[in-house]
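Coordinates as given in protein_27.csv (CSV, N, CA, C and O atoms):
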```
chain,number,residue,atom,x,y,z
E,1284,MET,N,-30.6,-27.5,-217.4
E,1284,MET,CA,-29.2,-27.4,-217.3
E,1284,MET,C,-28.5,-28.5,-218.1
E,1284,MET,O,-27.4,-28.3,-218.6
E,1285,ALA,N,-29.1,-29.7,-218.2
E,1285,ALA,CA,-28.4,-30.8,-219.0
E,1285,ALA,C,-28.3,-30.4,-220.4
E,1285,ALA,O,-27.2,-30.7,-221.0
E,1286,LEU,N,-29.3,-29.8,-221.0
E,1286,LEU,CA,-29.2,-29.4,-222.4
E,1286,LEU,C,-28.2,-28.3,-222.6
E,1286,LEU,O,-27.4,-28.4,-223.6
E,1287,GLY,N,-28.1,-27.4,-221.7
E,1287,GLY,CA,-27.1,-26.3,-221.8
E,1287,GLY,C,-25.7,-26.9,-221.7
E,1287,GLY,O,-24.8,-26.5,-222.4
E,1288,THR,N,-25.5,-27.8,-220.8
E,1288,THR,CA,-24.2,-28.5,-220.6
E,1288,THR,C,-23.9,-29.2,-221.9
E,1288,THR,O,-22.8,-29.1,-222.4
E,1289,GLN,N,-24.8,-29.9,-222.5
E,1289,GLN,CA,-24.6,-30.7,-223.8
E,1289,GLN,C,-24.2,-29.7,-224.9
E,1289,GLN,O,-23.2,-30.0,-225.6
E,1290,LEU,N,-24.9,-28.6,-225.0
E,1290,LEU,CA,-24.5,-27.7,-226.1
E,1290,LEU,C,-23.2,-27.0,-225.9
E,1290,LEU,O,-22.4,-26.8,-226.8
E,1291,LEU,N,-22.9,-26.6,-224.6
E,1291,LEU,CA,-21.7,-25.9,-224.4
E,1291,LEU,C,-20.4,-26.7,-224.2
E,1291,LEU,O,-19.3,-26.3,-224.3
E,1292,SER,N,-20.6,-28.0,-224.0
E,1292,SER,CA,-19.5,-28.9,-223.8
E,1292,SER,C,-19.2,-29.8,-225.0
E,1292,SER,O,-18.6,-30.9,-224.9
E,1293,GLY,N,-19.7,-29.4,-226.2
E,1293,GLY,CA,-19.5,-30.2,-227.4
E,1293,GLY,C,-18.1,-30.6,-227.7
E,1293,GLY,O,-17.2,-29.9,-227.5
E,1294,THR,N,-17.9,-31.8,-228.2
E,1294,THR,CA,-16.6,-32.3,-228.5
E,1294,THR,C,-16.4,-32.5,-229.9
E,1294,THR,O,-15.4,-33.1,-230.4
E,1295,GLN,N,-17.3,-32.1,-230.8
E,1295,GLN,CA,-17.2,-32.2,-232.2
E,1295,GLN,C,-16.8,-30.8,-232.8
E,1295,GLN,O,-17.2,-29.8,-232.3
E,1296,SER,N,-15.9,-30.9,-233.8
E,1296,SER,CA,-15.4,-29.7,-234.4
E,1296,SER,C,-15.2,-29.9,-235.9
E,1296,SER,O,-14.9,-31.0,-236.3
E,1297,THR,N,-15.4,-28.8,-236.6
E,1297,THR,CA,-15.1,-28.8,-238.1
E,1297,THR,C,-14.0,-27.9,-238.3
E,1297,THR,O,-14.1,-26.7,-237.9
E,1298,THR,N,-13.0,-28.3,-239.0
E,1298,THR,CA,-11.8,-27.5,-239.2
E,1298,THR,C,-11.5,-27.5,-240.7
E,1298,THR,O,-11.5,-28.6,-241.4
E,1299,GLU,N,-11.2,-26.3,-241.2
E,1299,GLU,CA,-10.8,-26.2,-242.6
E,1299,GLU,C,-9.4,-26.8,-242.8
E,1299,GLU,O,-8.5,-26.7,-242.0
E,1300,LEU,N,-9.2,-27.5,-244.0
E,1300,LEU,CA,-7.9,-28.0,-244.3
E,1300,LEU,C,-7.3,-27.0,-245.3
E,1300,LEU,O,-7.7,-26.9,-246.4
E,1301,ASP,N,-6.4,-26.2,-244.8
E,1301,ASP,CA,-5.7,-25.2,-245.6
E,1301,ASP,C,-4.2,-25.3,-245.3
E,1301,ASP,O,-3.7,-26.2,-244.7
E,1302,ALA,N,-3.5,-24.4,-245.9
E,1302,ALA,CA,-2.0,-24.4,-245.8
E,1302,ALA,C,-1.5,-24.4,-244.4
E,1302,ALA,O,-0.4,-24.9,-244.1
E,1303,HIS,N,-2.3,-23.8,-243.5
E,1303,HIS,CA,-1.8,-23.6,-242.1
E,1303,HIS,C,-2.2,-24.8,-241.2
E,1303,HIS,O,-1.6,-25.0,-240.2
E,1304,SER,N,-3.2,-25.6,-241.6
E,1304,SER,CA,-3.7,-26.7,-240.7
E,1304,SER,C,-3.4,-28.1,-241.3
E,1304,SER,O,-3.5,-29.0,-240.5
E,1305,THR,N,-2.9,-28.2,-242.5
E,1305,THR,CA,-2.8,-29.5,-243.1
E,1305,THR,C,-1.3,-30.0,-243.2
E,1305,THR,O,-0.4,-29.2,-243.4
E,1306,VAL,N,-1.2,-31.2,-242.8
E,1306,VAL,CA,0.1,-31.9,-242.9
E,1306,VAL,C,-0.2,-33.2,-243.7
E,1306,VAL,O,-1.3,-33.5,-244.1
E,1307,THR,N,0.9,-34.0,-244.0
E,1307,THR,CA,0.7,-35.3,-244.6
E,1307,THR,C,1.1,-36.4,-243.7
E,1307,THR,O,2.2,-36.3,-243.0
E,1308,VAL,N,0.3,-37.4,-243.5
E,1308,VAL,CA,0.6,-38.5,-242.7
E,1308,VAL,C,0.4,-39.8,-243.5
E,1308,VAL,O,-0.7,-40.0,-244.1
E,1309,ASP,N,1.4,-40.6,-243.7
E,1309,ASP,CA,1.4,-41.8,-244.5
E,1309,ASP,C,0.8,-41.5,-245.9
E,1309,ASP,O,0.0,-42.3,-246.4
E,1310,GLY,N,1.2,-40.4,-246.5
E,1310,GLY,CA,0.8,-40.0,-247.8
E,1310,GLY,C,-0.6,-39.5,-248.0
E,1310,GLY,O,-1.1,-39.2,-249.1
E,1311,HIS,N,-1.3,-39.3,-246.8
E,1311,HIS,CA,-2.7,-38.7,-246.8
E,1311,HIS,C,-2.7,-37.3,-246.3
E,1311,HIS,O,-1.9,-37.0,-245.4
E,1312,LYS,N,-3.6,-36.5,-246.8
E,1312,LYS,CA,-3.9,-35.2,-246.2
E,1312,LYS,C,-4.3,-35.4,-244.8
E,1312,LYS,O,-5.2,-36.3,-244.5
E,1313,ALA,N,-3.9,-34.6,-243.8
E,1313,ALA,CA,-4.2,-34.8,-242.4
E,1313,ALA,C,-4.3,-33.4,-241.7
E,1313,ALA,O,-3.6,-32.5,-242.1
E,1314,LEU,N,-5.1,-33.4,-240.6
E,1314,LEU,CA,-5.1,-32.2,-239.8
E,1314,LEU,C,-3.9,-32.2,-238.8
E,1314,LEU,O,-3.7,-33.3,-238.2
E,1315,SER,N,-3.2,-31.2,-238.7
E,1315,SER,CA,-2.0,-31.1,-237.9
E,1315,SER,C,-2.3,-31.6,-236.4
E,1315,SER,O,-3.3,-31.2,-235.8
E,1316,ALA,N,-1.4,-32.3,-235.9
E,1316,ALA,CA,-1.5,-32.8,-234.5
E,1316,ALA,C,-1.6,-31.7,-233.5
E,1316,ALA,O,-2.3,-31.8,-232.5
E,1317,ASP,N,-0.9,-30.6,-233.8
E,1317,ASP,CA,-0.9,-29.4,-232.9
E,1317,ASP,C,-2.3,-28.8,-232.8
E,1317,ASP,O,-2.8,-28.4,-231.8
E,1318,ILE,N,-3.0,-28.8,-234.0
E,1318,ILE,CA,-4.4,-28.2,-234.0
E,1318,ILE,C,-5.3,-29.2,-233.3
E,1318,ILE,O,-6.2,-28.7,-232.5
E,1319,VAL,N,-5.2,-30.5,-233.5
E,1319,VAL,CA,-6.1,-31.4,-232.8
E,1319,VAL,C,-5.9,-31.3,-231.3
E,1319,VAL,O,-6.8,-31.2,-230.5
E,1320,ALA,N,-4.6,-31.3,-230.9
E,1320,ALA,CA,-4.3,-31.2,-229.4
E,1320,ALA,C,-4.8,-29.9,-228.8
E,1320,ALA,O,-5.4,-29.9,-227.7
E,1321,GLY,N,-4.6,-28.8,-229.5
E,1321,GLY,CA,-5.1,-27.5,-229.0
E,1321,GLY,C,-6.6,-27.4,-228.8
E,1321,GLY,O,-7.1,-27.0,-227.8
E,1322,ARG,N,-7.3,-27.9,-229.8
E,1322,ARG,CA,-8.8,-27.9,-229.8
E,1322,ARG,C,-9.3,-28.9,-228.7
E,1322,ARG,O,-10.2,-28.5,-228.0
E,1323,ALA,N,-8.7,-30.0,-228.6
E,1323,ALA,CA,-9.1,-31.0,-227.6
E,1323,ALA,C,-8.9,-30.4,-226.2
E,1323,ALA,O,-9.7,-30.5,-225.3
E,1324,HIS,N,-7.7,-29.8,-226.0
E,1324,HIS,CA,-7.4,-29.2,-224.7
E,1324,HIS,C,-8.4,-28.1,-224.4
E,1324,HIS,O,-8.9,-28.1,-223.3
E,1325,SER,N,-8.7,-27.2,-225.3
E,1325,SER,CA,-9.6,-26.1,-225.0
E,1325,SER,C,-11.1,-26.6,-224.8
E,1325,SER,O,-11.8,-25.9,-224.1
E,1326,ARG,N,-11.5,-27.7,-225.4
E,1326,ARG,CA,-12.9,-28.2,-225.3
E,1326,ARG,C,-13.0,-29.3,-224.3
E,1326,ARG,O,-14.2,-29.7,-224.0
E,1327,TYR,N,-12.0,-29.8,-223.8
E,1327,TYR,CA,-12.1,-31.0,-222.9
E,1327,TYR,C,-12.8,-30.6,-221.6
E,1327,TYR,O,-13.5,-31.3,-221.0
E,1328,HIS,N,-12.6,-29.4,-221.1
E,1328,HIS,CA,-13.2,-28.9,-219.9
E,1328,HIS,C,-13.7,-27.5,-220.0
E,1328,HIS,O,-13.3,-26.6,-219.3
E,1329,PRO,N,-14.7,-27.3,-220.9
E,1329,PRO,CA,-15.2,-25.9,-221.0
E,1329,PRO,C,-16.1,-25.4,-219.9
E,1329,PRO,O,-16.2,-24.2,-219.7
E,1330,LEU,N,-16.5,-26.3,-219.1
E,1330,LEU,CA,-17.4,-26.0,-217.9
E,1330,LEU,C,-16.8,-26.7,-216.7
E,1330,LEU,O,-16.4,-27.8,-216.8
E,1331,PRO,N,-16.9,-26.1,-215.5
E,1331,PRO,CA,-16.4,-26.7,-214.3
E,1331,PRO,C,-16.9,-28.1,-214.0
E,1331,PRO,O,-16.3,-28.9,-213.4
E,1332,TRP,N,-18.2,-28.3,-214.3
E,1332,TRP,CA,-18.8,-29.6,-214.0
E,1332,TRP,C,-18.7,-30.6,-215.1
E,1332,TRP,O,-19.3,-31.7,-215.0
E,1333,VAL,N,-17.9,-30.4,-216.2
E,1333,VAL,CA,-17.8,-31.3,-217.3
E,1333,VAL,C,-16.3,-31.6,-217.5
E,1333,VAL,O,-15.5,-30.7,-217.8
E,1334,GLY,N,-15.9,-32.8,-217.3
E,1334,GLY,CA,-14.5,-33.2,-217.6
E,1334,GLY,C,-13.5,-32.7,-216.6
E,1334,GLY,O,-13.8,-31.9,-215.7
E,1335,ASP,N,-12.3,-33.1,-216.7
E,1335,ASP,CA,-11.2,-32.7,-215.9
E,1335,ASP,C,-10.4,-31.6,-216.6
E,1335,ASP,O,-10.3,-31.6,-217.8
E,1336,LYS,N,-9.8,-30.7,-215.8
E,1336,LYS,CA,-8.9,-29.7,-216.4
E,1336,LYS,C,-7.6,-30.4,-216.8
E,1336,LYS,O,-7.0,-31.1,-215.9
E,1337,LEU,N,-7.2,-30.2,-218.0
E,1337,LEU,CA,-6.0,-30.9,-218.5
E,1337,LEU,C,-4.9,-29.9,-218.9
E,1337,LEU,O,-5.2,-28.7,-219.2
E,1338,SER,N,-3.7,-30.3,-218.9
E,1338,SER,CA,-2.6,-29.5,-219.4
E,1338,SER,C,-1.8,-30.4,-220.3
E,1338,SER,O,-1.9,-31.7,-220.3
E,1339,GLY,N,-0.9,-29.8,-221.1
E,1339,GLY,CA,0.0,-30.6,-221.9
E,1339,GLY,C,-0.6,-31.6,-222.8
E,1339,GLY,O,-0.1,-32.7,-222.9
E,1340,VAL,N,-1.7,-31.3,-223.4
E,1340,VAL,CA,-2.3,-32.3,-224.4
E,1340,VAL,C,-1.5,-32.4,-225.6
E,1340,VAL,O,-1.0,-31.4,-226.2
E,1341,THR,N,-1.1,-33.6,-226.0
E,1341,THR,CA,-0.3,-33.9,-227.2
E,1341,THR,C,-1.0,-35.0,-228.0
E,1341,THR,O,-1.7,-35.9,-227.4
E,1342,CYS,N,-0.7,-35.0,-229.3
E,1342,CYS,CA,-1.2,-36.0,-230.2
E,1342,CYS,C,0.0,-36.5,-230.9
E,1342,CYS,O,0.9,-35.7,-231.3
E,1343,PRO,N,0.2,-37.8,-231.1
E,1343,PRO,CA,1.4,-38.4,-231.7
E,1343,PRO,C,1.6,-38.1,-233.2
E,1343,PRO,O,2.7,-38.1,-233.7
E,1344,MET,N,0.5,-37.8,-233.8
E,1344,MET,CA,0.5,-37.5,-235.3
E,1344,MET,C,-0.7,-36.8,-235.7
E,1344,MET,O,-1.6,-36.6,-234.9
E,1345,GLY,N,-0.7,-36.3,-236.9
E,1345,GLY,CA,-1.9,-35.6,-237.4
E,1345,GLY,C,-3.1,-36.6,-237.6
E,1345,GLY,O,-2.9,-37.8,-237.5
E,1346,LEU,N,-4.3,-36.0,-237.8
E,1346,LEU,CA,-5.5,-36.8,-237.9
E,1346,LEU,C,-5.8,-36.9,-239.4
E,1346,LEU,O,-6.1,-35.9,-240.1
E,1347,ASN,N,-5.7,-38.1,-240.0
E,1347,ASN,CA,-5.9,-38.4,-241.4
E,1347,ASN,C,-7.3,-37.9,-241.8
E,1347,ASN,O,-8.3,-38.1,-241.1
E,1348,ALA,N,-7.4,-37.2,-243.0
E,1348,ALA,CA,-8.6,-36.7,-243.5
E,1348,ALA,C,-9.4,-37.8,-244.2
E,1348,ALA,O,-9.7,-37.7,-245.4
E,1349,VAL,N,-9.7,-38.8,-243.5
E,1349,VAL,CA,-10.5,-40.0,-244.0
E,1349,VAL,C,-11.5,-40.3,-243.0
E,1349,VAL,O,-11.2,-40.4,-241.8
E,1350,ALA,N,-12.8,-40.5,-243.4
E,1350,ALA,CA,-13.8,-40.9,-242.4
E,1350,ALA,C,-13.4,-42.1,-241.6
E,1350,ALA,O,-12.8,-43.0,-242.1
E,1351,ASP,N,-13.7,-42.0,-240.3
E,1351,ASP,CA,-13.4,-43.0,-239.3
E,1351,ASP,C,-11.9,-43.2,-238.9
E,1351,ASP,O,-11.6,-44.1,-238.2
E,1352,ALA,N,-11.0,-42.3,-239.5
E,1352,ALA,CA,-9.6,-42.3,-239.0
E,1352,ALA,C,-9.6,-42.0,-237.5
E,1352,ALA,O,-10.4,-41.2,-237.0
E,1353,THR,N,-8.6,-42.5,-236.8
E,1353,THR,CA,-8.5,-42.2,-235.4
E,1353,THR,C,-7.1,-41.9,-235.0
E,1353,THR,O,-6.1,-42.3,-235.7
E,1354,VAL,N,-7.0,-41.2,-233.9
E,1354,VAL,CA,-5.7,-41.0,-233.2
E,1354,VAL,C,-6.0,-40.9,-231.7
E,1354,VAL,O,-7.1,-40.5,-231.3
E,1355,SER,N,-5.1,-41.2,-230.9
E,1355,SER,CA,-5.3,-41.1,-229.4
E,1355,SER,C,-4.3,-40.1,-228.9
E,1355,SER,O,-3.1,-40.3,-229.0
E,1356,CYS,N,-4.9,-39.0,-228.4
E,1356,CYS,CA,-4.1,-37.9,-227.8
E,1356,CYS,C,-4.0,-38.2,-226.3
E,1356,CYS,O,-4.7,-39.0,-225.7
E,1357,THR,N,-3.1,-37.5,-225.6
E,1357,THR,CA,-2.9,-37.7,-224.2
E,1357,THR,C,-2.8,-36.3,-223.5
E,1357,THR,O,-2.2,-35.4,-224.0
E,1358,GLY,N,-3.5,-36.2,-222.3
E,1358,GLY,CA,-3.4,-35.0,-221.5
E,1358,GLY,C,-3.1,-35.4,-220.1
E,1358,GLY,O,-3.2,-36.5,-219.7
E,1359,ARG,N,-2.6,-34.4,-219.4
E,1359,ARG,CA,-2.2,-34.6,-218.0
E,1359,ARG,C,-3.2,-33.9,-217.0
E,1359,ARG,O,-3.5,-32.7,-217.2
E,1360,LYS,N,-3.7,-34.6,-216.0
E,1360,LYS,CA,-4.6,-34.0,-215.0
E,1360,LYS,C,-3.8,-33.3,-214.0
E,1360,LYS,O,-2.6,-33.5,-213.9
E,1361,SER,N,-4.4,-32.5,-213.2
E,1361,SER,CA,-3.7,-31.7,-212.2
E,1361,SER,C,-3.1,-32.6,-211.1
E,1361,SER,O,-2.1,-32.1,-210.5
E,1362,ASP,N,-3.5,-33.8,-210.9
E,1362,ASP,CA,-2.9,-34.7,-209.9
E,1362,ASP,C,-1.7,-35.4,-210.5
E,1362,ASP,O,-1.0,-36.3,-209.9
E,1363,GLY,N,-1.3,-35.1,-211.8
E,1363,GLY,CA,-0.2,-35.7,-212.5
E,1363,GLY,C,-0.5,-37.0,-213.3
E,1363,GLY,O,0.3,-37.4,-214.1
E,1364,SER,N,-1.7,-37.5,-213.1
E,1364,SER,CA,-2.0,-38.7,-213.9
E,1364,SER,C,-2.4,-38.3,-215.3
E,1364,SER,O,-2.6,-37.1,-215.6
E,1365,THR,N,-2.3,-39.3,-216.2
E,1365,THR,CA,-2.6,-39.0,-217.6
E,1365,THR,C,-4.0,-39.5,-218.0
E,1365,THR,O,-4.5,-40.4,-217.4
E,1366,VAL,N,-4.6,-38.9,-219.1
E,1366,VAL,CA,-5.8,-39.4,-219.6
E,1366,VAL,C,-5.7,-39.5,-221.1
E,1366,VAL,O,-5.1,-38.6,-221.7
E,1367,ASP,N,-6.2,-40.6,-221.7
E,1367,ASP,CA,-6.2,-40.8,-223.1
E,1367,ASP,C,-7.4,-40.1,-223.7
E,1367,ASP,O,-8.5,-40.1,-223.1
E,1368,ILE,N,-7.3,-39.5,-224.8
E,1368,ILE,CA,-8.4,-38.8,-225.5
E,1368,ILE,C,-8.5,-39.4,-226.9
E,1368,ILE,O,-7.8,-39.0,-227.8
E,1369,PRO,N,-9.4,-40.3,-227.1
E,1369,PRO,CA,-9.6,-40.9,-228.4
E,1369,PRO,C,-10.3,-39.8,-229.4
E,1369,PRO,O,-11.3,-39.2,-229.0
E,1370,VAL,N,-9.7,-39.7,-230.5
E,1370,VAL,CA,-10.2,-38.7,-231.5
E,1370,VAL,C,-10.6,-39.5,-232.8
E,1370,VAL,O,-9.8,-40.4,-233.2
E,1371,ARG,N,-11.7,-39.1,-233.4
E,1371,ARG,CA,-12.2,-39.9,-234.6
E,1371,ARG,C,-12.8,-38.9,-235.6
E,1371,ARG,O,-13.5,-37.9,-235.3
E,1372,VAL,N,-12.5,-39.1,-236.9
E,1372,VAL,CA,-13.0,-38.3,-238.0
E,1372,VAL,C,-14.5,-38.8,-238.2
E,1372,VAL,O,-14.7,-39.9,-238.4
E,1373,VAL,N,-15.4,-37.8,-238.2
E,1373,VAL,CA,-16.8,-38.0,-238.5
E,1373,VAL,C,-17.1,-37.9,-240.0
E,1373,VAL,O,-17.7,-38.8,-240.5
E,1374,LYS,N,-16.5,-36.9,-240.6
E,1374,LYS,CA,-16.7,-36.6,-242.0
E,1374,LYS,C,-15.5,-35.9,-242.6
E,1374,LYS,O,-14.9,-35.0,-241.9
E,1375,ALA,N,-15.1,-36.3,-243.8
E,1375,ALA,CA,-13.9,-35.6,-244.4
E,1375,ALA,C,-14.3,-35.2,-245.8
E,1375,ALA,O,-15.0,-36.0,-246.5
E,1376,SER,N,-13.8,-34.0,-246.2
E,1376,SER,CA,-13.9,-33.6,-247.6
E,1376,SER,C,-12.6,-33.1,-248.0
E,1376,SER,O,-11.6,-33.0,-247.2
E,1377,ALA,N,-12.5,-32.6,-249.2
E,1377,ALA,CA,-11.2,-32.1,-249.7
E,1377,ALA,C,-10.8,-30.8,-249.0
E,1377,ALA,O,-9.7,-30.4,-248.9
E,1378,ASP,N,-11.8,-30.1,-248.4
E,1378,ASP,CA,-11.6,-28.8,-247.8
E,1378,ASP,C,-11.7,-28.7,-246.3
E,1378,ASP,O,-11.3,-27.7,-245.7
E,1379,SER,N,-12.4,-29.7,-245.7
E,1379,SER,CA,-12.6,-29.6,-244.3
E,1379,SER,C,-12.7,-31.0,-243.7
E,1379,SER,O,-12.9,-32.0,-244.4
E,1380,LEU,N,-12.6,-31.0,-242.4
E,1380,LEU,CA,-12.6,-32.3,-241.6
E,1380,LEU,C,-13.5,-32.0,-240.4
E,1380,LEU,O,-13.4,-31.1,-239.7
E,1381,THR,N,-14.5,-32.9,-240.2
E,1381,THR,CA,-15.3,-32.9,-239.0
E,1381,THR,C,-14.9,-34.0,-238.1
E,1381,THR,O,-14.8,-35.2,-238.6
E,1382,TRP,N,-14.5,-33.7,-236.9
E,1382,TRP,CA,-14.0,-34.7,-236.0
E,1382,TRP,C,-14.5,-34.5,-234.6
E,1382,TRP,O,-15.0,-33.4,-234.3
E,1383,LYS,N,-14.4,-35.5,-233.8
E,1383,LYS,CA,-14.8,-35.4,-232.4
E,1383,LYS,C,-13.9,-36.2,-231.5
E,1383,LYS,O,-13.2,-37.1,-231.9
E,1384,PHE,N,-13.9,-35.9,-230.2
E,1384,PHE,CA,-13.1,-36.7,-229.2
E,1384,PHE,C,-14.1,-37.2,-228.1
E,1384,PHE,O,-15.2,-36.6,-228.0
E,1385,ASP,N,-13.7,-38.2,-227.4
E,1385,ASP,CA,-14.5,-38.7,-226.3
E,1385,ASP,C,-13.8,-38.3,-225.0
E,1385,ASP,O,-12.6,-38.4,-224.9
E,1386,ARG,N,-14.6,-37.9,-224.0
E,1386,ARG,CA,-14.1,-37.8,-222.6
E,1386,ARG,C,-14.2,-39.1,-222.0
E,1386,ARG,O,-15.2,-39.7,-221.9
E,1387,LEU,N,-13.1,-39.6,-221.4
E,1387,LEU,CA,-13.1,-40.8,-220.7
E,1387,LEU,C,-13.2,-40.6,-219.2
E,1387,LEU,O,-12.8,-39.7,-218.7
```

For the structure just supplied, provide its representation as structure tokens.
Amino acid sequence: MALGTQLLSGTQSTTELDAHSTVTVDGHKALSADIVAGRAHSRYHPLPWVGDKLSGVTCPMGLNAVADATVSCTGRKSDGSTVDIPVRVVKASADSLTWKFDRL
């Protein structure tokens, strides 16, 4: 069950950088904050025994397409408290971005 949980609850994602997903942050190509927030929201709790169910996940800005770039997103738990979701770029190229978030 542990391996299945690991595979199904992955927090790493690779996203194409195209006209629909790309914005500019501080002069750099970046993945849109809405896409990062949406993907983090959908993957934060893919299984009932992994993570908390969140709503209203937001990110303050896009995720720069530069290795090791970070942004901290925020989600709201069902009890009203908030949780920070640290997001980090694992690998970046001209066409795609591989990034992951941590469950705290």

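For the choices E:Val1366, E:Ala1377, E:Lys1336, E:Trp1382, the atom-to-atom distance to Ala1352 (chain E) is smallest for E:Trp1382 when using all atoms listed in the file.
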
Backbone DSSP call of strand (DSSP E or B) for chain E, listed as a ChimeraX atom specification
/E:1295-1299,1305-1308,1311-1314,1337-1341,1346-1347,1353-1360,1365-1375,1379-1384

Skip region 1341-1344 of chain E itself and residues of its chain fewer than 4 positions away, then list as a PyMOL selection string all residues within 7 Å of it, counting all atoms listed in the file.
chain E and resi 1314-1317+1319-1321+1354-1359+1368

Keeping only N, CA, C and O atoms, take the residues you just selected and write them out as a short mmCIF file (atom, residue, chain, number, x, y, z; two decimals), in the frame of the given file.
```cif
data_model
loop_
_atom_site.label_atom_id
_atom_site.label_comp_id
_atom_site.auth_asym_id
_atom_site.auth_seq_id
_atom_site.Cartn_x
_atom_site.Cartn_y
_atom_site.Cartn_z
N LEU E 1314 -5.10 -33.40 -240.60
CA LEU E 1314 -5.10 -32.20 -239.80
C LEU E 1314 -3.90 -32.20 -238.80
O LEU E 1314 -3.70 -33.30 -238.20
N SER E 1315 -3.20 -31.20 -238.70
CA SER E 1315 -2.00 -31.10 -237.90
C SER E 1315 -2.30 -31.60 -236.40
O SER E 1315 -3.30 -31.20 -235.80
N ALA E 1316 -1.40 -32.30 -235.90
CA ALA E 1316 -1.50 -32.80 -234.50
C ALA E 1316 -1.60 -31.70 -233.50
O ALA E 1316 -2.30 -31.80 -232.50
N ASP E 1317 -0.90 -30.60 -233.80
CA ASP E 1317 -0.90 -29.40 -232.90
C ASP E 1317 -2.30 -28.80 -232.80
O ASP E 1317 -2.80 -28.40 -231.80
N VAL E 1319 -5.20 -30.50 -233.50
CA VAL E 1319 -6.10 -31.40 -232.80
C VAL E 1319 -5.90 -31.30 -231.30
O VAL E 1319 -6.80 -31.20 -230.50
N ALA E 1320 -4.60 -31.30 -230.90
CA ALA E 1320 -4.30 -31.20 -229.40
C ALA E 1320 -4.80 -29.90 -228.80
O ALA E 1320 -5.40 -29.90 -227.70
N GLY E 1321 -4.60 -28.80 -229.50
CA GLY E 1321 -5.10 -27.50 -229.00
C GLY E 1321 -6.60 -27.40 -228.80
O GLY E 1321 -7.10 -27.00 -227.80
N VAL E 1354 -7.00 -41.20 -233.90
CA VAL E 1354 -5.70 -41.00 -233.20
C VAL E 1354 -6.00 -40.90 -231.70
O VAL E 1354 -7.10 -40.50 -231.30
N SER E 1355 -5.10 -41.20 -230.90
CA SER E 1355 -5.30 -41.10 -229.40
C SER E 1355 -4.30 -40.10 -228.90
O SER E 1355 -3.10 -40.30 -229.00
N CYS E 1356 -4.90 -39.00 -228.40
CA CYS E 1356 -4.10 -37.90 -227.80
C CYS E 1356 -4.00 -38.20 -226.30
O CYS E 1356 -4.70 -39.00 -225.70
N THR E 1357 -3.10 -37.50 -225.60
CA THR E 1357 -2.90 -37.70 -224.20
C THR E 1357 -2.80 -36.30 -223.50
O THR E 1357 -2.20 -35.40 -224.00
N GLY E 1358 -3.50 -36.20 -222.30
CA GLY E 1358 -3.40 -35.00 -221.50
C GLY E 1358 -3.10 -35.40 -220.10
O GLY E 1358 -3.20 -36.50 -219.70
N ARG E 1359 -2.60 -34.40 -219.40
CA ARG E 1359 -2.20 -34.60 -218.00
C ARG E 1359 -3.20 -33.90 -217.00
O ARG E 1359 -3.50 -32.70 -217.20
N ILE E 1368 -7.30 -39.50 -224.80
CA ILE E 1368 -8.40 -38.80 -225.50
C ILE E 1368 -8.50 -39.40 -226.90
O ILE E 1368 -7.80 -39.00 -227.80
#
```

Would you please extract all alpha helix (DSSP H) residues from region 1309-1354 of chain E, as assigned by DSSP on the backbone, and give them as a ChimeraX atom specification?
/E:1316-1327

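Residues lying within 12 Å of Thr1298 (chain E), counting only C-alpha atoms and ignoring same-chain neighbours fewer than 4 positions away, are His1303, Ser1304, Thr1305, Ala1313, Leu1314, Ser1315, Ile1318, Val1319, Arg1322, Leu1346, Ala1348, Val1372, Val1373, Lys1374, Ala1375, Ser1376, Ala1377, Asp1378, Ser1379, Leu1380, Thr1381, Trp1382 and Lys1383 of chain E.
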
Hey, which of E:Thr1294, E:Ser1325, E:Thr1307, E:Ser1338 ends up closest to Pro1369 (chain E)? Count only C-alpha atoms.
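Counting only C-alpha atoms, the residue closest to Pro1369 (chain E) is E:Thr1294.
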
Just give me the gap between CA of Gln1295 (chain E) and CA of Asp1367 (chain E) in Å, one decimal is fine.
16.7 Å

Report, in Å with one decimal, the straight-line distance from CA of Asp1385 (chain E) to CA of Asp1301 (chain E).
25.1 Å
